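Asks: Would you mind keeping the following structure in view while I ask a few things?
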Amino acid sequence: MEEKEKTPGQLRREALLDDRKNGYDRLSVEDEAAMKVYCEAYKHYLDAGKTEREVVDETVRLAQAKGFVPFTRGMAIKPGDKLYRVNRGKAIMLAVIGEKSMGDGVSIGAAHIDSPRLDLKPQPIYEEAGMAYLKTHYYGGIRKYQWVTIPLELHGVIVKADGSTVKVAIGAGEGDPLFTIDDLLPHLAAKQSQEPLGSAIKGEKLNILVGSRPFKDDEGSDRVKLAILDILNQKYGIVEADFLSAELEAVPAYKATDIGFDRSLIGAYGQDDRVCGFACLQALLDTEHPTHTAVCMLADKEEVGSTGVSGMKGAAFDTFMSDLCDAQRVPLKTCYEHSFCLSADVCAAFDPAFAEVYDKRNVAQINYGMGFCKYTGSRGKSGASDAGAEVVGFVRRTMDAAGVVWQMTELGAVDAGGGGTVAVYMAERDIDTLDAGVPVLSMHAPFEVTSKLDCYMTYKGMKAVYQAK
Ligand code: MN
Ligand code: MN
């Protein structure tokens with residue numbers, strides 16, 4: 001059949017209009033196969049790392065399997081070398097040394113591996129009404145009502161009086177007990193139900209139920225608490241005072257799982273921002289002999305402002321980078337001013353149930369690929385790292401050349417709220433930085449949802465940055 005000639009209007013449409021297409025309408029057979037393999041590995045990574053410390057451990061395991069070795073100060077480096085450095089067990093930096101000098105700049109993928117959760121207080125355990133509880137102080141921006149009546153696991157470390165450290169991961173193993181926070185029955189919730197969503201569940205009510213059986217041969221008070229401490233003592237060799245020097249995190253007891261009849265989505269806890277952390281990591285593990293040195297930064301403490309010794313504002317990243325620069329006798333500032341960073345963090349996916357908080361013409365859509373965010377911030381871009389047009393232009397060319405499905409996005413409608421991530425701290429180091437990441441539904445909830453296509457395309461986009469000439 002003869003092909004019908006296009007009208008002048010059709011031709012001008014094709015030439016001029018930005019025609020966004022669903023990623024599935026642009027997905028190659030090779031990408032589809034690679035996406036499947038990638039998403040299985042990603043789900044495994046999520047299950048292996050429920051806390052920043054566990055993510056670091058799993059990252060080290062994966063990196064070592066690919067030939068990465070610890071990088072120490074003064075070590076000689078050569079192109080192709082694969083190096084990593086752990087910061088206090090809670091953050092990790094990895095690099096593959098490029099053919100070009102560090103002075104020509106490096107390609108950085110920076111994500112964070114801490115996620116919102118409930119931290120135990122330093123003196124957490126108490127008994128009330130014949131039940132034992134652990135008091136918590138929430139970490140990061142949680143919506144408190146989402147954390148009651150769900151199964152919880154307990155992960156972390158306890159440093160005992162003698163200085164030895166015990167690792168705890170209760171709930172992760174087959175047959176382990178779980179924990180939970182109770183909520184009011186609807187029959188008696190008449191008053192609570194009238195309260196605004198944000199204050200109906202108070203922070204001091206987020207106490208975790210951990211037992212109810214009293215110690216057998218004892219006539220004193222708090223026999224349930226005593227019995228719990230007895231169990232912990234037998235299992236971990238700890239006493240009550242050891243909680244003082246512990247970091248224990250209650251996290252949702254959900255395994256990463258496929259969502260939907262078509263299995264096109266992934267549901268899991270902690271996808272913000274392990275979804276981008278894994279993309280940066282896997283892209284680096286798959287990068288051999290890059291032109292520019294490729295760096296993967298997995299930071300801690302983003303959810304509380306990137307503060308502290310393991311956060312992106314801390315000096316550990318600069319120390320790692322300057323140790324690498326010293327090995328090539330290059331000033332750190334020369335390296336930074338020629339470097340590029342993708343600040344890889346999740347963005348909000350358009351949710352039709354809450355359409356009013358988004359600008360539907362400037363929001364990330366599920367299955368439309370890796371989301372790039374020129375700026376974040378709130379109330380007139382306040383606090384944003386607003387990437388320059390040239391930087392966005394570079395990324396555009398890089399993504400299109402690599403066949404990455406990507407989209408441009410804003411967090412939400414103007415003045416609907418706001419947010420930010422590590423981009424600003426990279427930019428303040430004199431590094432050109434652009435926000436990028438995977439669109440998420442129910443961000444910060446105990447169970448977040450992403451699309452497999454978007455997860456995979458973020459990996460592919462990150463790899464394109466690492467392999468840029
Ligand atoms: Mn994040
Ligand atoms: Mn977050």
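The chains in the structure tokens are called A, B, ... from first to last as shown; in each chain the residues are counted from 1, and the ligands are counted from 1 in the order shown.
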Around ligand 1, at most 8 Å away and counting only C-alpha atoms and all ligand atoms, which residues are there? Put them as a PyMOL selection string, please.
Replies: chain A and resi 111-112+115+272-273+302-303+345-347+421
Asks: Only N, CA, C and O atoms, please: the residues just picked out, written as a PDB file, in the first residue's frame.
Replies:
```
ATOM      1  N   ALA A 111      24.156   9.310  45.896  1.00  0.00           N
ATOM      2  CA  ALA A 111      22.841   8.941  46.409  1.00  0.00           C
ATOM      3  C   ALA A 111      22.943   8.795  47.926  1.00  0.00           C
ATOM      4  O   ALA A 111      24.038   8.846  48.490  1.00  0.00           O
ATOM      5  N   HIS A 112      21.808   8.598  48.584  1.00  0.00           N
ATOM      6  CA  HIS A 112      21.871   8.362  50.030  1.00  0.00           C
ATOM      7  C   HIS A 112      21.240   7.023  50.363  1.00  0.00           C
ATOM      8  O   HIS A 112      20.344   6.550  49.651  1.00  0.00           O
ATOM      9  N   SER A 115      17.190   5.840  55.294  1.00  0.00           N
ATOM     10  CA  SER A 115      15.767   5.974  54.969  1.00  0.00           C
ATOM     11  C   SER A 115      14.989   6.297  56.241  1.00  0.00           C
ATOM     12  O   SER A 115      15.441   5.979  57.346  1.00  0.00           O
ATOM     13  N   ASP A 272      13.550   5.077  48.760  1.00  0.00           N
ATOM     14  CA  ASP A 272      14.184   6.394  48.890  1.00  0.00           C
ATOM     15  C   ASP A 272      15.315   6.225  49.902  1.00  0.00           C
ATOM     16  O   ASP A 272      15.040   6.142  51.086  1.00  0.00           O
ATOM     17  N   ASP A 273      16.547   6.140  49.516  1.00  0.00           N
ATOM     18  CA  ASP A 273      17.004   6.386  48.174  1.00  0.00           C
ATOM     19  C   ASP A 273      17.896   5.229  47.716  1.00  0.00           C
ATOM     20  O   ASP A 273      18.805   5.402  46.920  1.00  0.00           O
ATOM     21  N   GLU A 302      20.949  11.865  54.899  1.00  0.00           N
ATOM     22  CA  GLU A 302      20.258  12.796  53.999  1.00  0.00           C
ATOM     23  C   GLU A 302      18.881  13.138  54.550  1.00  0.00           C
ATOM     24  O   GLU A 302      18.421  14.274  54.441  1.00  0.00           O
ATOM     25  N   GLU A 303      18.230  12.152  55.136  1.00  0.00           N
ATOM     26  CA  GLU A 303      16.856  12.359  55.598  1.00  0.00           C
ATOM     27  C   GLU A 303      16.760  13.308  56.785  1.00  0.00           C
ATOM     28  O   GLU A 303      15.657  13.698  57.172  1.00  0.00           O
ATOM     29  N   ASP A 345      18.611  11.020  43.523  1.00  0.00           N
ATOM     30  CA  ASP A 345      17.633  10.817  44.595  1.00  0.00           C
ATOM     31  C   ASP A 345      16.250  10.724  43.964  1.00  0.00           C
ATOM     32  O   ASP A 345      16.023  11.219  42.870  1.00  0.00           O
ATOM     33  N   VAL A 346      15.353  10.118  44.669  1.00  0.00           N
ATOM     34  CA  VAL A 346      14.022   9.897  44.126  1.00  0.00           C
ATOM     35  C   VAL A 346      13.269  11.212  43.934  1.00  0.00           C
ATOM     36  O   VAL A 346      13.556  12.209  44.597  1.00  0.00           O
ATOM     37  N   CYS A 347      12.329  11.199  43.019  1.00  0.00           N
ATOM     38  CA  CYS A 347      11.425  12.330  42.852  1.00  0.00           C
ATOM     39  C   CYS A 347       9.991  11.815  43.016  1.00  0.00           C
ATOM     40  O   CYS A 347       9.771  10.602  43.080  1.00  0.00           O
ATOM     41  N   THR A 421      17.903  17.637  48.349  1.00  0.00           N
ATOM     42  CA  THR A 421      18.736  16.485  48.680  1.00  0.00           C
ATOM     43  C   THR A 421      20.202  16.900  48.689  1.00  0.00           C
ATOM     44  O   THR A 421      20.489  18.040  49.028  1.00  0.00           O
TER      45      THR A 421
END
```
Asks: Within 12 Å of ligand 2, which residues show up when you count only C-alpha atoms and all ligand atoms? List them as number ranges by chain, please.
Replies: A: 111-117, 139-142, 269-276, 300-306, 344-348, 411, 418-422, 437-440, 442-446, 448
Asks: With distances taken over only C-alpha atoms, which of A:Leu154, A:Ile108, A:Ala327, A:Met35 is nearest to A:Ala169?
Replies: A:Leu154
Asks: Can you pull out every residue within 12 Å of stretch 226-234 of chain A, counting only C-alpha atoms, but drop anything in the same chain fewer than 5 positions away, and send it as JSON, numbers by chain?
Replies: {"A": [124, 125, 126, 127, 130, 131, 132, 133, 134, 158, 160, 166, 168, 170, 209, 210, 211, 212, 213, 214, 215, 216, 217, 218, 219, 220, 221, 239, 240, 241, 242, 243]}
Asks: Would you give me, as a tab-separated table, each residue of stretch 294-373 of chain A having an atom within 10 Å of an atom of stretch 404-407 of chain A, along with its shortest atom pair and that distance in Å to one decimal, using only C-alpha atoms and sorting by chain and residue number?
Replies:
```
residue	atom	partner	partner_atom	distance
A:Asn362	CA	A:Gln407	CA	9.3
A:Val363	CA	A:Gln407	CA	8.7
A:Ala364	CA	A:Gln407	CA	6.7
A:Gln365	CA	A:Gln407	CA	8.2
A:Asn367	CA	A:Val405	CA	8.9
A:Tyr368	CA	A:Gln407	CA	6.3
A:Gly369	CA	A:Trp406	CA	4.3
A:Met370	CA	A:Trp406	CA	4.4
A:Gly371	CA	A:Gln407	CA	4.9
A:Phe372	CA	A:Gln407	CA	6.2
A:Cys373	CA	A:Gln407	CA	8.9
```
Asks: How would you write, as a count of residues only, the set of residues in stretch 118-267 of chain A that DSSP gives as alpha helix (DSSP H)?
Replies: 18
Asks: For the atom pair atom CA of A:Asp176 and atom CA of A:Ala161, what is the interatomic distance in Å to one decimal place?
Replies: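 Distance between the two atoms: 26.9 Å.
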Asks: Distance table requested - stretch 293-322 of chain A against stretch 92-104 of chain A, cut-off 6 Å, only C-alpha atoms: one row per qualifying residue with the closest atom pair and its distance in Å to one decimal, ordered by chain and rising residue number, as a tab-separated table.
Replies:
```
residue	atom	partner	partner_atom	distance
A:Thr293	CA	A:Gly98	CA	3.9
A:Ala294	CA	A:Val96	CA	5.2
A:Val295	CA	A:Ala95	CA	4.3
A:Cys296	CA	A:Leu94	CA	5.1
A:Met297	CA	A:Met93	CA	4.6
A:Leu298	CA	A:Ile92	CA	5.3
```
Asks: Could you turn the residues from that selection into a file that holds C-alpha atoms, as a PDB file, in the first residue's frame?
Replies:
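Written file, out00.pdb:
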```pdb
ATOM      1  CA  THR A 293      37.352   8.652  36.925  1.00  0.00           C
ATOM      2  CA  ALA A 294      33.905   7.420  37.962  1.00  0.00           C
ATOM      3  CA  VAL A 295      32.870   7.935  41.595  1.00  0.00           C
ATOM      4  CA  CYS A 296      29.898   6.506  43.472  1.00  0.00           C
ATOM      5  CA  MET A 297      29.004   8.196  46.761  1.00  0.00           C
ATOM      6  CA  LEU A 298      26.471   6.501  49.027  1.00  0.00           C
TER       7      LEU A 298
END
```
Asks: To one decimal place, how far is atom CA of A:Arg329 from atom CA of A:His292 in Å?
Replies: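 Pair atom CA of A:Arg329 / atom CA of A:His292 returns 16.1 Å.
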Asks: If we count only C-alpha atoms, what is near stretch 188-198 of chain A at a cut-off of 9 Å, once residues fewer than 6 positions away on the same chain are taken out, given as a ChimeraX atom specification?
Replies: /A:143-145
Asks: Neighbours of A:Val69 within 7 Å (only C-alpha atoms; same-chain residues fewer than 4 positions away dropped), as a PyMOL selection string?
Replies: chain A and resi 64+82-84
Asks: Keeping only N, CA and C atoms, write the selected residues as an mmCIF file, in the first residue's frame.
Replies:
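Result went into result38.cif, see below:
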```
data_model
loop_
_atom_site.group_PDB
_atom_site.id
_atom_site.type_symbol
_atom_site.label_atom_id
_atom_site.label_comp_id
_atom_site.auth_asym_id
_atom_site.auth_seq_id
_atom_site.Cartn_x
_atom_site.Cartn_y
_atom_site.Cartn_z
ATOM 1 N N GLN A 64 33.630 -6.025 46.328
ATOM 2 C CA GLN A 64 34.777 -6.944 46.426
ATOM 3 C C GLN A 64 34.673 -8.056 45.388
ATOM 4 N N LYS A 82 40.033 -0.213 40.840
ATOM 5 C CA LYS A 82 38.706 -0.172 41.468
ATOM 6 C C LYS A 82 38.874 -0.079 42.977
ATOM 7 N N LEU A 83 38.412 1.025 43.534
ATOM 8 C CA LEU A 83 38.713 1.332 44.934
ATOM 9 C C LEU A 83 37.453 1.687 45.719
ATOM 10 N N TYR A 84 37.500 1.480 47.029
ATOM 11 C CA TYR A 84 36.399 1.946 47.876
ATOM 12 C C TYR A 84 36.913 2.330 49.249
#
```
Asks: Could you please determine the separation between atom CA of A:Lys374 and atom CA of A:Asp430 in Å, to one decimal place?
Replies: 16.7 Å
Asks: For each of A:Ala387, A:Val37, A:Cys325, A:Val357, take the minimum atom-to-atom distance to A:Glu428, counting only C-alpha atoms, then give the residue where this is smallest.
Replies: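 Result for the nearest residue to A:Glu428: A:Ala387.
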Asks: As a PyMOL selection string, which residues of stretch 421-461 of chain A does DSSP assign to strand (DSSP E or B)?
Replies: chain A and resi 432-437+439-441+448-451
Asks: Output N, CA, C and O atoms for every residue in the selection just made, as a compact mmCIF listing (two decimals), in the first residue's frame.
Replies:
```txt
# COMPACT_ATOMS: atom_id res chain seq x y z
N ASP A 432 29.61 20.98 39.20
CA ASP A 432 28.35 21.09 38.45
C ASP A 432 27.48 19.89 38.79
O ASP A 432 27.92 18.75 38.66
N THR A 433 26.25 20.16 39.22
CA THR A 433 25.40 19.08 39.74
C THR A 433 23.97 19.20 39.21
O THR A 433 23.43 20.30 39.11
N LEU A 434 23.40 18.06 38.90
CA LEU A 434 21.99 18.02 38.51
C LEU A 434 21.29 16.92 39.32
O LEU A 434 21.83 15.83 39.48
N ASP A 435 20.09 17.24 39.80
CA ASP A 435 19.27 16.24 40.50
C ASP A 435 18.66 15.27 39.49
O ASP A 435 18.18 15.69 38.44
N ALA A 436 18.68 14.00 39.84
CA ALA A 436 18.11 13.00 38.95
C ALA A 436 17.70 11.79 39.77
O ALA A 436 18.32 11.50 40.79
N GLY A 437 16.68 11.08 39.31
CA GLY A 437 16.34 9.87 40.05
C GLY A 437 15.07 9.20 39.59
O GLY A 437 14.50 9.53 38.55
N PRO A 439 11.18 8.15 39.91
CA PRO A 439 9.90 8.61 40.46
C PRO A 439 9.32 7.55 41.42
O PRO A 439 9.36 6.36 41.12
N VAL A 440 8.78 8.02 42.55
CA VAL A 440 8.27 7.11 43.59
C VAL A 440 6.84 7.49 43.97
O VAL A 440 6.52 8.67 44.09
N LEU A 441 6.02 6.48 44.16
CA LEU A 441 4.70 6.68 44.76
C LEU A 441 4.80 6.39 46.25
O LEU A 441 5.53 5.49 46.65
N GLU A 448 7.02 1.76 49.73
CA GLU A 448 7.07 2.71 48.61
C GLU A 448 7.02 1.94 47.29
O GLU A 448 7.45 0.80 47.22
N VAL A 449 6.53 2.61 46.25
CA VAL A 449 6.36 1.94 44.95
C VAL A 449 7.14 2.68 43.86
O VAL A 449 7.08 3.91 43.77
N THR A 450 7.88 1.91 43.06
CA THR A 450 8.57 2.45 41.89
C THR A 450 8.23 1.60 40.68
O THR A 450 7.68 0.50 40.82
N SER A 451 8.59 2.08 39.50
CA SER A 451 8.38 1.28 38.29
C SER A 451 9.70 0.65 37.87
O SER A 451 10.76 1.26 37.96
```
